[in-house]
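Working notes, structure below.
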Amino acid sequence: MKYISTRGKAPALDFEDVLLAGLAADGGLYVPETLPTFSREDIAAMSGLGYADLAHRIIAPFVAGSISEDVLRAILHDTYAQFRHGAVAPMVQIGANQWVLELFHGPTLAFKDFALQLLGRLLDYVLKREHRKVVILGATSGDTGSAAIEGCRHCDNIDIFILHPHNRVSEVQRRQMTTVSGDNIHNLAIQGNFDDCQSMVKASFGNRTFLPDGRGLVAVNSINWARIMAQIVYYFHAALSLGGPVRPVAFSVPTGNFGDIFAGYLASRMGLPVERLIIATNRNDVLHRVMTQSAYGRQPLAQTLSPSMDITVSSNFERLLFDLYGRDGAVIDDLMRRFDEGKIHFSETAMTRARALFSSHSVNDESTCGQIATTWRESEYLLDPHRALGVNAALHSGIPVTIPVISLATAHPAKFPQAIAQAGLEGVARLPPHLADLFERTERLQVLSNDLAGVQAFIAANINA
Ligand SMILES: *Cc1c(COP(=O)(O)O)cnc(C)c1O
């Protein structure tokens, strides 16, 4: 399988090189040159497969030529054995034709484990095979950091440096990162905000001379294709459990960087009957404005009760745009250049294509809490604030009652006690047993000032792998 850049100029790469790359050299994102497709019969034959075996069917074509089928199978079985529910991604019914797909049974209680547990193992395998060592560098406002650390902690050829804004992530989220021990794990608390952290990561990818000779730099945010690829699987898994491919289903996805829902779009393009993909946003509603006004523009960041979706730009939307504009890299290159300078408008042809599959809904904090309280009252089921947006958007979607709507449960409610308390349910959310002593564990972190040269010097001096 070959991968090409959305901006059309960077060379096509194999899977293993895309895994190790961040952005393409032309500033674009990598996407498969051609998407594998499955017939209705192929998909029907997947029903009844366990999660890891299903993942193998879906993922094998994407890594063909880079990773053998047997190695892939072993890696996938090991990856999904880390999840604490026998179904890996269980479905729960919370109302007439309303379902929740629980994606928080992995080590860090967020859906990012689905991709980052796999990414860590794939990197480990490829780096060992090629006798290479890399540095992973990422910025986090919460869930990505802990999932990346858990996914890569056992990799001998990786040092992982995660930047988070000092005193600006929740205590549960911070402790999930800082209590993981290992000489190759480095938590840097930056005296600044999340944007400062992200700017330093971006600048470091742009100029890597601070690293020792030959040391690669790998991205773990959802611009990394391998993360998207892993997430396609659970769309198939969920649809199959409700009668797919015969019966179409809809998905409601709490969206930040457009990574998770883009995986749903790919599932649909690969042949899975998907009636609708609902983009659920919080007040940071850049994607809702795209869908309703065809305009793409930044607005100031708002802090909400669903912090993992607090973003001003959705990087992965570029991957969808590439398809909406007939896979013309020159057009995307031009659009993105203009977007760097300000607001842009998309053509009606492109937006008509988008609206054939996607709809959107923006939910404020008050409605989020209202939804958590209502669902608890009606079904004794506790939503976290991210999934509450999805459930709320699903109820506003106008999808016919004959079609099941599946809301993606991206995190465990105990990660967000503040929102649960604000919904009037203080104390209802409990951390699961494997994290029950989280608040007693020893933390390790380094507080650094908001200074790129200082941070880069720290990284260079602390590489252990
Ligand atoms: C990361 C995250 C999201 C947003 O996912 P995207 O792929 O960026 O759209 C939603 N909910 C939770 C809990 C997350 O951690």
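The way I read the labels, and the way they are meant: chains A, B, ... in the order of the structure tokens, residue 1 as the first residue of every chain, and ligand 1 as the first ligand shown, with later ones counted on from there.
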
Got a sec to check which residues lie within 10 Å of ligand 1, using only C-alpha atoms and all ligand atoms, and send them as a PDB file with N, CA and C atoms, in the first residue's frame?
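Printed below is pocket_10.pdb as written:
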ATOM      1  N   LEU A 103     -15.723   2.934  24.288  1.00  0.00           N
ATOM      2  CA  LEU A 103     -14.347   2.852  23.788  1.00  0.00           C
ATOM      3  C   LEU A 103     -13.327   3.208  24.872  1.00  0.00           C
ATOM      4  N   PHE A 104     -13.742   3.038  26.144  1.00  0.00           N
ATOM      5  CA  PHE A 104     -12.867   3.512  27.235  1.00  0.00           C
ATOM      6  C   PHE A 104     -12.398   2.380  28.140  1.00  0.00           C
ATOM      7  N   THR A 108      -5.868   3.721  29.622  1.00  0.00           N
ATOM      8  CA  THR A 108      -5.996   5.096  30.113  1.00  0.00           C
ATOM      9  C   THR A 108      -7.428   5.621  30.071  1.00  0.00           C
ATOM     10  N   LEU A 109      -8.375   4.740  29.835  1.00  0.00           N
ATOM     11  CA  LEU A 109      -9.808   5.082  29.916  1.00  0.00           C
ATOM     12  C   LEU A 109     -10.278   6.066  28.856  1.00  0.00           C
ATOM     13  N   ALA A 110      -9.594   6.137  27.719  1.00  0.00           N
ATOM     14  CA  ALA A 110     -10.091   6.967  26.610  1.00  0.00           C
ATOM     15  C   ALA A 110      -9.911   6.195  25.303  1.00  0.00           C
ATOM     16  N   PHE A 111     -10.657   6.582  24.296  1.00  0.00           N
ATOM     17  CA  PHE A 111     -10.626   5.823  23.037  1.00  0.00           C
ATOM     18  C   PHE A 111      -9.261   5.881  22.363  1.00  0.00           C
ATOM     19  N   LYS A 112      -8.452   6.845  22.768  1.00  0.00           N
ATOM     20  CA  LYS A 112      -7.138   6.977  22.130  1.00  0.00           C
ATOM     21  C   LYS A 112      -6.275   5.741  22.347  1.00  0.00           C
ATOM     22  N   ASP A 113      -6.603   4.934  23.362  1.00  0.00           N
ATOM     23  CA  ASP A 113      -5.869   3.678  23.560  1.00  0.00           C
ATOM     24  C   ASP A 113      -6.014   2.738  22.357  1.00  0.00           C
ATOM     25  N   THR A 140      -0.046  17.749  24.828  1.00  0.00           N
ATOM     26  CA  THR A 140      -1.343  17.213  25.200  1.00  0.00           C
ATOM     27  C   THR A 140      -2.097  18.191  26.085  1.00  0.00           C
ATOM     28  N   SER A 141      -3.416  18.200  25.912  1.00  0.00           N
ATOM     29  CA  SER A 141      -4.248  18.930  26.856  1.00  0.00           C
ATOM     30  C   SER A 141      -4.917  17.913  27.778  1.00  0.00           C
ATOM     31  N   GLY A 142      -4.538  16.641  27.631  1.00  0.00           N
ATOM     32  CA  GLY A 142      -5.140  15.628  28.508  1.00  0.00           C
ATOM     33  C   GLY A 142      -4.952  14.203  28.034  1.00  0.00           C
ATOM     34  N   ASP A 143      -5.838  13.709  27.199  1.00  0.00           N
ATOM     35  CA  ASP A 143      -5.903  12.275  26.932  1.00  0.00           C
ATOM     36  C   ASP A 143      -4.790  11.732  26.041  1.00  0.00           C
ATOM     37  N   THR A 144      -4.332  12.501  25.079  1.00  0.00           N
ATOM     38  CA  THR A 144      -3.325  11.984  24.155  1.00  0.00           C
ATOM     39  C   THR A 144      -2.037  11.606  24.884  1.00  0.00           C
ATOM     40  N   GLY A 145      -1.621  12.450  25.810  1.00  0.00           N
ATOM     41  CA  GLY A 145      -0.351  12.223  26.496  1.00  0.00           C
ATOM     42  C   GLY A 145      -0.329  10.896  27.228  1.00  0.00           C
ATOM     43  N   ALA A 147      -2.278   8.278  26.870  1.00  0.00           N
ATOM     44  CA  ALA A 147      -2.443   7.133  25.966  1.00  0.00           C
ATOM     45  C   ALA A 147      -1.145   6.856  25.208  1.00  0.00           C
ATOM     46  N   ASN A 221       0.155  12.558  17.472  1.00  0.00           N
ATOM     47  CA  ASN A 221      -1.201  13.113  17.377  1.00  0.00           C
ATOM     48  C   ASN A 221      -1.884  12.515  16.135  1.00  0.00           C
ATOM     49  N   SER A 222      -3.137  12.873  15.929  1.00  0.00           N
ATOM     50  CA  SER A 222      -3.894  12.125  14.920  1.00  0.00           C
ATOM     51  C   SER A 222      -3.552  12.534  13.487  1.00  0.00           C
ATOM     52  N   ILE A 223      -2.515  13.381  13.305  1.00  0.00           N
ATOM     53  CA  ILE A 223      -2.011  13.511  11.938  1.00  0.00           C
ATOM     54  C   ILE A 223      -1.278  12.223  11.550  1.00  0.00           C
ATOM     55  N   ARG A 227      -2.975   6.088  13.502  1.00  0.00           N
ATOM     56  CA  ARG A 227      -4.055   6.270  14.477  1.00  0.00           C
ATOM     57  C   ARG A 227      -5.416   6.192  13.803  1.00  0.00           C
ATOM     58  N   ILE A 228      -5.552   6.843  12.682  1.00  0.00           N
ATOM     59  CA  ILE A 228      -6.830   6.816  11.953  1.00  0.00           C
ATOM     60  C   ILE A 228      -7.165   5.374  11.556  1.00  0.00           C
ATOM     61  N   GLN A 231      -8.698   3.184  14.110  1.00  0.00           N
ATOM     62  CA  GLN A 231     -10.038   3.558  14.543  1.00  0.00           C
ATOM     63  C   GLN A 231     -11.128   3.125  13.559  1.00  0.00           C
ATOM     64  N   VAL A 253     -20.474  11.322  16.715  1.00  0.00           N
ATOM     65  CA  VAL A 253     -19.084  11.296  17.164  1.00  0.00           C
ATOM     66  C   VAL A 253     -18.680  12.649  17.754  1.00  0.00           C
ATOM     67  N   PRO A 254     -18.328  12.672  19.046  1.00  0.00           N
ATOM     68  CA  PRO A 254     -17.809  13.909  19.627  1.00  0.00           C
ATOM     69  C   PRO A 254     -16.443  14.223  19.017  1.00  0.00           C
ATOM     70  N   THR A 255     -16.349  15.344  18.349  1.00  0.00           N
ATOM     71  CA  THR A 255     -15.218  15.572  17.451  1.00  0.00           C
ATOM     72  C   THR A 255     -14.389  16.769  17.865  1.00  0.00           C
ATOM     73  N   GLY A 256     -13.067  16.600  17.837  1.00  0.00           N
ATOM     74  CA  GLY A 256     -12.152  17.703  18.067  1.00  0.00           C
ATOM     75  C   GLY A 256     -11.322  17.905  16.813  1.00  0.00           C
ATOM     76  N   ASN A 257     -10.345  17.030  16.648  1.00  0.00           N
ATOM     77  CA  ASN A 257      -9.418  17.161  15.532  1.00  0.00           C
ATOM     78  C   ASN A 257      -9.903  16.438  14.277  1.00  0.00           C
ATOM     79  N   PHE A 258     -11.125  15.932  14.293  1.00  0.00           N
ATOM     80  CA  PHE A 258     -11.748  15.247  13.151  1.00  0.00           C
ATOM     81  C   PHE A 258     -11.066  13.919  12.818  1.00  0.00           C
ATOM     82  N   GLY A 259     -10.289  13.370  13.776  1.00  0.00           N
ATOM     83  CA  GLY A 259      -9.609  12.102  13.504  1.00  0.00           C
ATOM     84  C   GLY A 259     -10.565  10.928  13.616  1.00  0.00           C
ATOM     85  N   ASP A 260     -11.259  10.867  14.748  1.00  0.00           N
ATOM     86  CA  ASP A 260     -12.131   9.739  15.021  1.00  0.00           C
ATOM     87  C   ASP A 260     -13.242   9.640  13.966  1.00  0.00           C
ATOM     88  N   ILE A 261     -13.892  10.734  13.674  1.00  0.00           N
ATOM     89  CA  ILE A 261     -15.013  10.681  12.729  1.00  0.00           C
ATOM     90  C   ILE A 261     -14.507  10.459  11.301  1.00  0.00           C
ATOM     91  N   PHE A 262     -13.293  10.890  11.011  1.00  0.00           N
ATOM     92  CA  PHE A 262     -12.745  10.613   9.681  1.00  0.00           C
ATOM     93  C   PHE A 262     -12.576   9.105   9.484  1.00  0.00           C
ATOM     94  N   ALA A 263     -12.248   8.395  10.561  1.00  0.00           N
ATOM     95  CA  ALA A 263     -12.163   6.928  10.473  1.00  0.00           C
ATOM     96  C   ALA A 263     -13.532   6.337  10.112  1.00  0.00           C
ATOM     97  N   ILE A 279     -21.471  14.992  13.320  1.00  0.00           N
ATOM     98  CA  ILE A 279     -20.345  15.698  13.947  1.00  0.00           C
ATOM     99  C   ILE A 279     -20.897  16.412  15.172  1.00  0.00           C
ATOM    100  N   ALA A 280     -20.494  15.978  16.372  1.00  0.00           N
ATOM    101  CA  ALA A 280     -20.935  16.656  17.597  1.00  0.00           C
ATOM    102  C   ALA A 280     -19.794  17.516  18.109  1.00  0.00           C
ATOM    103  N   THR A 281     -20.040  18.820  18.237  1.00  0.00           N
ATOM    104  CA  THR A 281     -18.981  19.703  18.741  1.00  0.00           C
ATOM    105  C   THR A 281     -19.452  20.395  20.010  1.00  0.00           C
ATOM    106  N   SER A 306     -15.818  19.710  28.126  1.00  0.00           N
ATOM    107  CA  SER A 306     -15.298  18.590  27.327  1.00  0.00           C
ATOM    108  C   SER A 306     -13.938  19.001  26.754  1.00  0.00           C
ATOM    109  N   PRO A 307     -12.907  19.064  27.628  1.00  0.00           N
ATOM    110  CA  PRO A 307     -11.630  19.688  27.266  1.00  0.00           C
ATOM    111  C   PRO A 307     -10.896  18.979  26.134  1.00  0.00           C
ATOM    112  N   SER A 308     -11.143  17.696  25.946  1.00  0.00           N
ATOM    113  CA  SER A 308     -10.417  16.976  24.894  1.00  0.00           C
ATOM    114  C   SER A 308     -10.896  17.373  23.498  1.00  0.00           C
ATOM    115  N   MET A 309     -11.916  18.207  23.438  1.00  0.00           N
ATOM    116  CA  MET A 309     -12.416  18.691  22.153  1.00  0.00           C
ATOM    117  C   MET A 309     -12.255  20.205  22.044  1.00  0.00           C
ATOM    118  N   ASP A 310     -11.483  20.785  22.952  1.00  0.00           N
ATOM    119  CA  ASP A 310     -11.270  22.229  22.894  1.00  0.00           C
ATOM    120  C   ASP A 310     -10.143  22.544  21.912  1.00  0.00           C
ATOM    121  N   ILE A 311     -10.518  22.796  20.670  1.00  0.00           N
ATOM    122  CA  ILE A 311      -9.548  23.107  19.620  1.00  0.00           C
ATOM    123  C   ILE A 311     -10.124  24.237  18.770  1.00  0.00           C
ATOM    124  N   SER A 314      -9.416  21.866  13.090  1.00  0.00           N
ATOM    125  CA  SER A 314      -9.460  20.407  13.047  1.00  0.00           C
ATOM    126  C   SER A 314      -8.526  19.908  11.953  1.00  0.00           C
ATOM    127  N   SER A 315      -7.311  19.545  12.340  1.00  0.00           N
ATOM    128  CA  SER A 315      -6.282  19.196  11.341  1.00  0.00           C
ATOM    129  C   SER A 315      -6.740  18.149  10.329  1.00  0.00           C
ATOM    130  N   ASN A 316      -7.417  17.106  10.820  1.00  0.00           N
ATOM    131  CA  ASN A 316      -7.761  16.013   9.920  1.00  0.00           C
ATOM    132  C   ASN A 316      -8.847  16.361   8.903  1.00  0.00           C
ATOM    133  N   PHE A 317      -9.469  17.511   9.075  1.00  0.00           N
ATOM    134  CA  PHE A 317     -10.487  17.891   8.089  1.00  0.00           C
ATOM    135  C   PHE A 317      -9.859  18.002   6.699  1.00  0.00           C
ATOM    136  N   ASP A 384     -19.937  10.457  30.138  1.00  0.00           N
ATOM    137  CA  ASP A 384     -18.900  11.473  30.350  1.00  0.00           C
ATOM    138  C   ASP A 384     -19.294  12.671  29.479  1.00  0.00           C
ATOM    139  N   PRO A 385     -18.699  13.847  29.715  1.00  0.00           N
ATOM    140  CA  PRO A 385     -19.168  15.037  28.976  1.00  0.00           C
ATOM    141  C   PRO A 385     -18.975  14.952  27.458  1.00  0.00           C
ATOM    142  N   HIS A 386     -17.954  14.260  26.977  1.00  0.00           N
ATOM    143  CA  HIS A 386     -17.733  14.182  25.524  1.00  0.00           C
ATOM    144  C   HIS A 386     -18.834  13.370  24.857  1.00  0.00           C
ATOM    145  N   ARG A 387     -19.063  12.205  25.426  1.00  0.00           N
ATOM    146  CA  ARG A 387     -20.107  11.356  24.865  1.00  0.00           C
ATOM    147  C   ARG A 387     -21.485  11.979  25.047  1.00  0.00           C
ATOM    148  N   LEU A 389     -22.239  14.996  24.573  1.00  0.00           N
ATOM    149  CA  LEU A 389     -22.441  15.834  23.384  1.00  0.00           C
ATOM    150  C   LEU A 389     -22.942  14.989  22.226  1.00  0.00           C
ATOM    151  N   GLY A 390     -22.332  13.813  22.086  1.00  0.00           N
ATOM    152  CA  GLY A 390     -22.707  12.918  20.993  1.00  0.00           C
ATOM    153  C   GLY A 390     -24.139  12.431  21.139  1.00  0.00           C
ATOM    154  N   LEU A 408     -20.444   7.443  20.080  1.00  0.00           N
ATOM    155  CA  LEU A 408     -19.152   6.930  20.499  1.00  0.00           C
ATOM    156  C   LEU A 408     -18.798   7.463  21.889  1.00  0.00           C
ATOM    157  N   ALA A 409     -18.570   6.523  22.816  1.00  0.00           N
ATOM    158  CA  ALA A 409     -18.202   6.887  24.190  1.00  0.00           C
ATOM    159  C   ALA A 409     -16.693   6.946  24.258  1.00  0.00           C
ATOM    160  N   THR A 410     -16.158   8.175  24.141  1.00  0.00           N
ATOM    161  CA  THR A 410     -14.718   8.321  23.958  1.00  0.00           C
ATOM    162  C   THR A 410     -13.939   8.319  25.267  1.00  0.00           C
ATOM    163  N   ALA A 411     -14.611   8.487  26.402  1.00  0.00           N
ATOM    164  CA  ALA A 411     -13.869   8.494  27.674  1.00  0.00           C
ATOM    165  C   ALA A 411     -14.737   7.997  28.819  1.00  0.00           C
ATOM    166  N   HIS A 412     -14.067   7.553  29.872  1.00  0.00           N
ATOM    167  CA  HIS A 412     -14.734   7.115  31.099  1.00  0.00           C
ATOM    168  C   HIS A 412     -15.128   8.364  31.922  1.00  0.00           C
ATOM    169  N   PRO A 413     -16.321   8.364  32.504  1.00  0.00           N
ATOM    170  CA  PRO A 413     -16.760   9.563  33.239  1.00  0.00           C
ATOM    171  C   PRO A 413     -15.845   9.949  34.404  1.00  0.00           C
ATOM    172  N   LYS A 415     -12.843  10.340  34.495  1.00  0.00           N
ATOM    173  CA  LYS A 415     -11.780  11.250  34.079  1.00  0.00           C
ATOM    174  C   LYS A 415     -12.223  12.702  34.186  1.00  0.00           C
ATOM    175  N   PHE A 416     -13.525  12.926  34.249  1.00  0.00           N
ATOM    176  CA  PHE A 416     -14.050  14.303  34.219  1.00  0.00           C
ATOM    177  C   PHE A 416     -15.034  14.553  35.361  1.00  0.00           C
TER     178      PHE A 416
END

Quiz item: In stretch 19-253 of chain A, what's helix (DSSP H, G or I) per DSSP? Answer as a PyMOL selection string?
Solution: chain A and resi 19-20+40-44+51-63+69-80+112-130+143-152+171-178+194-206+225-241

Practice problem: Go through A:Pro107, A:Gly22, A:Gly95, A:Pro273 and flag the residue nearest A:Gly151, using only C-alpha atoms for the distances. | Solution: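 The answer is A:Pro107, which sits nearest to A:Gly151.
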
Quiz prompt | Shell of 9 Å around A:Ser360, only C-alpha atoms, local chain residues under 2 positions omitted, as number ranges by chain | solution = A: 277-281, 287-289, 291-292, 358, 362, 393, 397

Exercise. Determine, counting only C-alpha atoms, which protein, DNA and RNA residues have an atom within 8 Å of an atom of stretch 38-45 of chain A; residues of the same chain fewer than 6 positions away are not included. Present the result as an MDAnalysis selection string.
Key: chainID A and resid 240 244:246 270:272

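Distance annotation: of A:Leu23, A:Ile149, A:Leu452, A:Leu116, the residue with the minimal separation from A:Arg7 is A:Leu23; atom set is only C-alpha atoms.
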
Exercise. May I have all residues of stretch 70-314 of chain A that DSSP, computed from the backbone, assigns to strand (DSSP E or B), given as JSON, numbers by chain?
Key: {"A": [91, 92, 93, 94, 95, 98, 99, 100, 101, 102, 110, 134, 135, 136, 137, 138, 139, 158, 159, 160, 161, 162, 163, 164, 165, 185, 186, 187, 188, 189, 190, 191, 216, 217, 218, 249, 250, 251, 252, 253, 254, 274, 275, 276, 277, 278, 279, 280, 281, 295, 296]}

Selection file, N, CA and C atoms, as a compact mmCIF listing (two decimals), in the first residue's frame:
# COMPACT_ATOMS: atom_id res chain seq x y z
N MET A 91 -21.16 -2.62 23.30
CA MET A 91 -22.27 -1.71 22.97
C MET A 91 -23.28 -1.75 24.11
N VAL A 92 -23.83 -0.58 24.44
CA VAL A 92 -24.85 -0.50 25.48
C VAL A 92 -26.05 0.25 24.90
N GLN A 93 -27.23 -0.28 25.13
CA GLN A 93 -28.43 0.42 24.64
C GLN A 93 -28.93 1.37 25.72
N ILE A 94 -29.12 2.63 25.38
CA ILE A 94 -29.56 3.61 26.39
C ILE A 94 -30.92 4.21 26.07
N GLY A 95 -31.53 3.81 24.97
CA GLY A 95 -32.86 4.34 24.64
C GLY A 95 -33.34 3.61 23.40
N GLN A 98 -31.21 4.01 20.45
CA GLN A 98 -30.03 4.80 20.84
C GLN A 98 -29.01 3.87 21.50
N TRP A 99 -27.80 3.87 20.97
CA TRP A 99 -26.75 2.98 21.49
C TRP A 99 -25.51 3.78 21.80
N VAL A 100 -24.71 3.20 22.71
CA VAL A 100 -23.42 3.79 23.03
C VAL A 100 -22.35 2.73 22.76
N LEU A 101 -21.32 3.14 22.06
CA LEU A 101 -20.18 2.25 21.80
C LEU A 101 -19.08 2.63 22.80
N GLU A 102 -18.83 1.76 23.76
CA GLU A 102 -17.89 2.09 24.85
C GLU A 102 -16.46 1.84 24.42
N ALA A 110 -9.59 6.14 27.72
CA ALA A 110 -10.09 6.97 26.61
C ALA A 110 -9.91 6.19 25.30
N VAL A 134 14.11 6.38 17.93
CA VAL A 134 13.42 7.65 17.66
C VAL A 134 13.02 8.34 18.96
N VAL A 135 12.71 9.61 18.81
CA VAL A 135 12.12 10.40 19.87
C VAL A 135 10.67 10.68 19.48
N ILE A 136 9.77 10.41 20.41
CA ILE A 136 8.38 10.82 20.20
C ILE A 136 8.19 12.12 20.94
N LEU A 137 7.61 13.08 20.25
CA LEU A 137 7.38 14.38 20.87
C LEU A 137 5.93 14.75 20.64
N GLY A 138 5.23 15.07 21.71
CA GLY A 138 3.82 15.43 21.56
C GLY A 138 3.40 16.45 22.61
N ALA A 139 2.34 17.18 22.28
CA ALA A 139 1.75 18.11 23.24
C ALA A 139 0.37 17.56 23.58
N ILE A 158 12.56 3.89 21.91
CA ILE A 158 11.81 5.16 21.89
C ILE A 158 12.02 5.92 23.19
N ASP A 159 12.32 7.20 23.08
CA ASP A 159 12.16 8.12 24.21
C ASP A 159 10.91 8.93 23.92
N ILE A 160 10.09 9.09 24.93
CA ILE A 160 8.85 9.82 24.69
C ILE A 160 8.80 11.06 25.59
N PHE A 161 8.68 12.21 24.95
CA PHE A 161 8.60 13.49 25.65
C PHE A 161 7.22 14.08 25.41
N ILE A 162 6.47 14.26 26.49
CA ILE A 162 5.12 14.81 26.36
C ILE A 162 5.05 16.15 27.10
N LEU A 163 4.67 17.18 26.36
CA LEU A 163 4.53 18.53 26.93
C LEU A 163 3.08 18.75 27.34
N HIS A 164 2.87 19.18 28.57
CA HIS A 164 1.51 19.60 28.95
C HIS A 164 1.60 20.97 29.64
N PRO A 165 0.53 21.75 29.56
CA PRO A 165 0.55 23.07 30.20
C PRO A 165 0.50 22.90 31.72
N ILE A 185 10.51 7.73 29.66
CA ILE A 185 9.28 8.53 29.72
C ILE A 185 9.59 9.88 30.37
N HIS A 186 9.25 10.95 29.67
CA HIS A 186 9.61 12.28 30.16
C HIS A 186 8.39 13.20 30.08
N ASN A 187 7.88 13.59 31.23
CA ASN A 187 6.75 14.52 31.27
C ASN A 187 7.26 15.93 31.52
N LEU A 188 7.00 16.82 30.58
CA LEU A 188 7.46 18.20 30.72
C LEU A 188 6.24 19.10 30.94
N ALA A 189 6.20 19.71 32.12
CA ALA A 189 5.13 20.66 32.43
C ALA A 189 5.63 22.05 32.04
N ILE A 190 4.99 22.61 31.04
CA ILE A 190 5.46 23.88 30.48
C ILE A 190 4.69 25.04 31.12
N GLN A 191 5.42 26.07 31.54
CA GLN A 191 4.76 27.23 32.14
C GLN A 191 4.15 28.08 31.03
N GLY A 216 15.37 9.94 14.72
CA GLY A 216 14.12 10.37 14.09
C GLY A 216 13.18 11.01 15.11
N LEU A 217 12.24 11.76 14.60
CA LEU A 217 11.23 12.40 15.44
C LEU A 217 9.86 11.93 14.95
N VAL A 218 9.05 11.36 15.85
CA VAL A 218 7.78 10.75 15.45
C VAL A 218 6.62 11.48 16.13
N VAL A 249 -26.58 1.77 9.83
CA VAL A 249 -26.59 2.44 11.12
C VAL A 249 -26.05 3.86 10.95
N ALA A 250 -26.28 4.69 11.97
CA ALA A 250 -25.70 6.04 11.98
C ALA A 250 -24.78 6.15 13.19
N PHE A 251 -23.80 7.04 13.10
CA PHE A 251 -22.88 7.26 14.21
C PHE A 251 -22.89 8.73 14.61
N SER A 252 -22.84 8.97 15.93
CA SER A 252 -22.67 10.33 16.42
C SER A 252 -21.33 10.39 17.15
N VAL A 253 -20.47 11.32 16.72
CA VAL A 253 -19.08 11.30 17.16
C VAL A 253 -18.68 12.65 17.75
N PRO A 254 -18.33 12.67 19.05
CA PRO A 254 -17.81 13.91 19.63
C PRO A 254 -16.44 14.22 19.02
N VAL A 274 -23.33 3.07 6.05
CA VAL A 274 -23.47 4.08 7.11
C VAL A 274 -24.48 5.11 6.62
N GLU A 275 -25.57 5.25 7.38
CA GLU A 275 -26.64 6.17 6.99
C GLU A 275 -26.21 7.63 7.17
N ARG A 276 -25.53 7.89 8.27
CA ARG A 276 -25.15 9.28 8.57
C ARG A 276 -24.02 9.30 9.58
N LEU A 277 -23.16 10.30 9.48
CA LEU A 277 -22.13 10.57 10.49
C LEU A 277 -22.44 11.94 11.07
N ILE A 278 -22.72 11.97 12.37
CA ILE A 278 -23.08 13.22 13.02
C ILE A 278 -21.84 13.79 13.71
N ILE A 279 -21.47 14.99 13.32
CA ILE A 279 -20.35 15.70 13.95
C ILE A 279 -20.90 16.41 15.17
N ALA A 280 -20.49 15.98 16.37
CA ALA A 280 -20.93 16.66 17.60
C ALA A 280 -19.79 17.52 18.11
N THR A 281 -20.04 18.82 18.24
CA THR A 281 -18.98 19.70 18.74
C THR A 281 -19.45 20.39 20.01
N ALA A 295 -18.04 27.81 5.61
CA ALA A 295 -16.89 28.70 5.88
C ALA A 295 -16.01 28.08 6.94
N TYR A 296 -14.70 28.17 6.72
CA TYR A 296 -13.73 27.57 7.63
C TYR A 296 -12.87 28.69 8.17

Self-check item: d(atom CA of A:Ile332, atom CA of A:Ala10) in Å
Solution: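 Result for atom CA of A:Ile332 versus atom CA of A:Ala10: 13.2 Å, one decimal.
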
Practice problem: For A:Pro417, work out the shell of residues within 10 Å, counting only C-alpha atoms and skipping chain neighbours fewer than 3 positions away, then give it as a VMD selection string. | Solution: chain A and resid 170 172 305 384 to 385 413 to 414 420 to 423 425 to 430

Practice problem: Give me, please, the distance in Å between atom CA of A:Arg441 and atom CA of A:Val180, quoted to one decimal. | Solution: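 For atom CA of A:Arg441 relative to atom CA of A:Val180, the distance reads 9.0 Å.
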
Self-check item: Best match for closeness to A:His361 among A:Asn282, A:Gln456, A:Gln293, A:Thr349, counting only C-alpha atoms
Solution: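 Closest to A:His361, using only C-alpha atoms: A:Asn282.
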
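For the pair atom CA of A:Leu72 and atom CA of A:His56, the interatomic distance is 7.1 Å.
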
Self-check item: Nearest to A:Ile459 by atom-to-atom distance, counting only C-alpha atoms, from A:Asp183, A:Val18, A:Phe210, A:Ile58
Solution: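 For A:Ile459, the nearest of the given residues is A:Phe210.
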